[in-house]
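Report on the structure given below.
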Amino acid sequence: MYQTFIQFASTEAPAEKADLFGSLGIDWTLLVIQTVAFLVLMWFLGKYVYPALSRSLDKREADIEAANKAAVETEKNALKTQAEIKKLLTEARKEAGEIVATAKEEATSMVANAEEKSKTQSERIVAQAQESIAKEVLAAKRDLHNETIELVALATEKVVGKAVDAKIDAKLIKSAIEESK
Amino acid sequence: MTQFAATEADAAPHISIAAEPIFHIGSLAITNSMIMGVMGYALLLWIFVYTARVVKTGAKRNKVVQMVTWVYEMLYSTVLQIVGDRELARKIAPLPISLFFFIIVQYWIGILPFVGPISWNGVPLFRGLAADLNTTFALAIVTMVAAQLYAIKVHGIFGSAGRYLRNPIKDPAGAFEGILELIAEFSRLVGLSFRLFGNVFAGEVLLVIIAFLTKYAAVAALPPFYIFELFIGSIQAYIFFMLTTVFISLGLISHDAHSDEAHSPADTQRIAASETTN
């Protein structure tokens, strides 16, 4: 390896002394050729390749920008919709509250009406029952009265021992009752 | 450059700083780097023409097209970020982007296994184009000339010359600064070309030496170095691209008054980028 570097140094050293550019391999003709070749490459790329790439880049940027815009718009719309939903929910809650309150009120009034109706009906039934009882009592009294009269007549007939016709009988009983009063 | 496989096992590798002529066309010497360079140009053109066709027709993009368009987009956005103006970036971008792709392709094909072992009359038949100082100098010259042309386009001839030539009576410090700026332009030219050449050449020498030292074990020993070289190639291409963009954009800065107020936010960014990369 040592020999390698010795050889490298020994071959290049005299050339460096002779001509710095030459020893480095700089040749003005080759330099011009390389410059021209690179400029031609750059011209070709600048003319036929980069415009297409730049256009693609611009399009992509525009697409991204449009997508960003759309995203912002969508977000805005979403916020707007959210606000609307919130508003609608509030209104719905309010309406629901009102409906519930009204329903409660109506239910209360219905219950009150039903109570009143049932009370009236029950009172009517009670009154009817009382009336019917009174009638029955009166009828029973009358029956009892008649039966009593008949019994008294029979008893009187037996006591008096003679038959009395109905008219006399009734007269007697009546007078007896009046006297007993 | 190397012929370690073609010669005897114990022979020392052939290392030459300069590209070597393989044959002549008239008085023009066709060097081994030029032969490799033609392949690189062809590959580059094929990749780009194919990519442009796919992009134009809207056909399905394969991995190559996706990679090229992705890198193009990344490089373009870097130029835009440094220059700060969409119109200017569109005009400037082709040069640094072309440089990036050119350097990376030439660097990468220069480390292919057949570069070196195959020789013609004792001279390696192939040598990476980027390992030829003529090429790196040519690229640096194109960059620096383009930087000057853009500066002249924006500020005019006198405005641009004002960066270097100032009245020493009115502004002695500025005049001295102008001279330093002029020297800096030349040092940038030399720095650009030698940095790239040095890296490519050192990479190729590294591969040759590793192959030479490891002999038949080179099959196992070389792959990590190939990967390393691929990485270095992409880094060098990016550095050249970045420096080109920064040098051009530095010429576009308004330098009427060398005050902080004269700098736009994009100018400040450019100066910062220049300081970082230098």
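Starting from 1 in every chain, residues are counted up; chains themselves are A, B, ... following the order of the structure tokens, and ligands are numbered from 1 as listed.
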
Next on the checklist: I need the contact residues of chain B against chain A, so if you could list those with any atom within 9 Å, counting only C-alpha atoms, and return them as a PyMOL selection string, that would help.
Outcome noted: chain B and resi 11-20+28-30+34+41+45+48-49+51-53+55-56+69+72-73+76+90+94-95+98-99+102+132-139+141-142+209+212-213

I need the residues from that last selection saved to file as a compact mmCIF listing (two decimals), in the first residue's frame (with N, CA and C atoms), if you can.
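Once everything was written out, this is selection_0.txt:
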# COMPACT_ATOMS: atom_id res chain seq x y z
N ALA B 11 -0.48 -6.12 -8.13
CA ALA B 11 -0.17 -4.82 -8.75
C ALA B 11 -0.90 -3.70 -8.02
N ALA B 12 -0.24 -2.56 -7.94
CA ALA B 12 -0.83 -1.41 -7.26
C ALA B 12 -1.93 -0.82 -8.11
N PRO B 13 -2.98 -0.26 -7.47
CA PRO B 13 -4.06 0.35 -8.26
C PRO B 13 -3.58 1.59 -8.99
N HIS B 14 -4.18 1.80 -10.13
CA HIS B 14 -3.80 2.94 -10.97
C HIS B 14 -4.65 4.13 -10.54
N ILE B 15 -4.00 5.18 -10.07
CA ILE B 15 -4.73 6.37 -9.62
C ILE B 15 -4.21 7.58 -10.37
N SER B 16 -5.14 8.31 -10.94
CA SER B 16 -4.76 9.52 -11.67
C SER B 16 -5.76 10.63 -11.36
N ILE B 17 -5.24 11.79 -11.03
CA ILE B 17 -6.14 12.92 -10.73
C ILE B 17 -6.89 13.36 -11.99
N ALA B 18 -6.18 13.38 -13.08
CA ALA B 18 -6.79 13.83 -14.34
C ALA B 18 -7.48 12.68 -15.06
N ALA B 19 -8.54 13.05 -15.79
CA ALA B 19 -9.17 12.05 -16.65
C ALA B 19 -8.22 11.72 -17.78
N GLU B 20 -8.21 10.47 -18.20
CA GLU B 20 -7.21 10.06 -19.20
C GLU B 20 -7.84 9.82 -20.57
N LEU B 28 -9.10 16.39 -30.73
CA LEU B 28 -9.87 16.33 -29.48
C LEU B 28 -9.69 14.98 -28.79
N ALA B 29 -9.22 15.05 -27.55
CA ALA B 29 -9.03 13.82 -26.78
C ALA B 29 -10.36 13.42 -26.12
N ILE B 30 -10.77 12.20 -26.35
CA ILE B 30 -11.98 11.69 -25.69
C ILE B 30 -11.52 10.92 -24.45
N MET B 34 -15.44 11.26 -20.17
CA MET B 34 -16.42 11.68 -21.19
C MET B 34 -17.28 10.50 -21.62
N TYR B 41 -25.47 11.37 -19.25
CA TYR B 41 -26.39 12.27 -19.95
C TYR B 41 -27.58 11.49 -20.51
N LEU B 45 -31.38 12.06 -19.44
CA LEU B 45 -32.38 12.46 -20.44
C LEU B 45 -33.53 11.45 -20.47
N PHE B 48 -35.76 11.93 -17.43
CA PHE B 48 -36.57 13.15 -17.47
C PHE B 48 -37.62 13.13 -18.58
N VAL B 49 -37.23 12.63 -19.74
CA VAL B 49 -38.18 12.58 -20.85
C VAL B 49 -39.33 11.63 -20.49
N THR B 51 -40.31 10.82 -17.44
CA THR B 51 -41.10 11.45 -16.37
C THR B 51 -42.05 12.51 -16.94
N ALA B 52 -41.49 13.35 -17.83
CA ALA B 52 -42.32 14.42 -18.41
C ALA B 52 -43.47 13.83 -19.21
N ARG B 53 -43.20 12.74 -19.92
CA ARG B 53 -44.26 12.11 -20.74
C ARG B 53 -45.36 11.56 -19.84
N VAL B 55 -46.07 12.51 -16.79
CA VAL B 55 -46.76 13.63 -16.14
C VAL B 55 -47.73 14.30 -17.11
N LYS B 56 -47.28 14.49 -18.36
CA LYS B 56 -48.11 15.15 -19.37
C LYS B 56 -49.35 14.33 -19.69
N THR B 69 -40.51 13.39 -9.44
CA THR B 69 -41.42 14.52 -9.19
C THR B 69 -41.34 14.99 -7.74
N TYR B 72 -38.10 16.91 -7.40
CA TYR B 72 -38.27 18.19 -8.10
C TYR B 72 -39.07 19.16 -7.24
N GLU B 73 -40.15 18.65 -6.69
CA GLU B 73 -41.02 19.48 -5.85
C GLU B 73 -40.27 19.99 -4.62
N TYR B 76 -37.68 22.57 -5.73
CA TYR B 76 -38.34 23.80 -6.15
C TYR B 76 -38.83 24.60 -4.93
N ARG B 90 -39.22 30.72 -10.20
CA ARG B 90 -39.53 29.96 -11.41
C ARG B 90 -38.43 30.14 -12.46
N PRO B 94 -34.59 26.21 -12.61
CA PRO B 94 -34.04 25.22 -13.54
C PRO B 94 -32.54 24.95 -13.38
N LEU B 95 -31.75 26.01 -13.12
CA LEU B 95 -30.30 25.80 -13.01
C LEU B 95 -29.93 24.94 -11.79
N SER B 98 -31.30 21.38 -12.19
CA SER B 98 -30.55 20.60 -13.19
C SER B 98 -29.21 20.16 -12.62
N LEU B 99 -28.57 21.08 -11.89
CA LEU B 99 -27.27 20.75 -11.29
C LEU B 99 -27.42 19.58 -10.32
N PHE B 102 -28.02 16.39 -12.30
CA PHE B 102 -26.83 16.06 -13.08
C PHE B 102 -25.75 15.47 -12.17
N ASP B 132 -13.98 14.46 -12.79
CA ASP B 132 -13.15 15.17 -13.77
C ASP B 132 -13.26 16.65 -13.44
N LEU B 133 -12.12 17.26 -13.15
CA LEU B 133 -12.13 18.66 -12.72
C LEU B 133 -12.69 19.59 -13.81
N ASN B 134 -12.57 19.17 -15.07
CA ASN B 134 -13.16 19.98 -16.17
C ASN B 134 -14.66 20.14 -15.96
N THR B 135 -15.30 19.04 -15.54
CA THR B 135 -16.75 19.07 -15.35
C THR B 135 -17.12 19.94 -14.16
N THR B 136 -16.45 19.70 -13.04
CA THR B 136 -16.83 20.47 -11.83
C THR B 136 -16.53 21.95 -12.03
N PHE B 137 -15.45 22.24 -12.74
CA PHE B 137 -15.15 23.65 -13.06
C PHE B 137 -16.22 24.23 -13.97
N ALA B 138 -16.61 23.45 -14.95
CA ALA B 138 -17.65 23.92 -15.88
C ALA B 138 -18.94 24.24 -15.11
N LEU B 139 -19.32 23.35 -14.19
CA LEU B 139 -20.54 23.57 -13.40
C LEU B 139 -20.40 24.83 -12.54
N ILE B 141 -18.43 27.39 -13.10
CA ILE B 141 -18.44 28.58 -13.97
C ILE B 141 -19.87 28.94 -14.36
N VAL B 142 -20.64 27.93 -14.75
CA VAL B 142 -22.05 28.17 -15.13
C VAL B 142 -22.78 28.80 -13.95
N ILE B 209 -9.05 1.55 -3.15
CA ILE B 209 -8.13 1.09 -2.09
C ILE B 209 -8.75 -0.05 -1.29
N PHE B 212 -8.62 -3.04 -3.37
CA PHE B 212 -7.23 -3.51 -3.47
C PHE B 212 -6.79 -4.22 -2.19
N LEU B 213 -7.15 -3.66 -1.06
CA LEU B 213 -6.71 -4.23 0.22
C LEU B 213 -7.44 -5.52 0.56

Checklist entry - When DSSP works through the backbone of this structure, what residues of stretch 155-258 of chain B end up as alpha helix (DSSP H), shown as number ranges by chain? => result B: 155-161, 172-214, 218-252
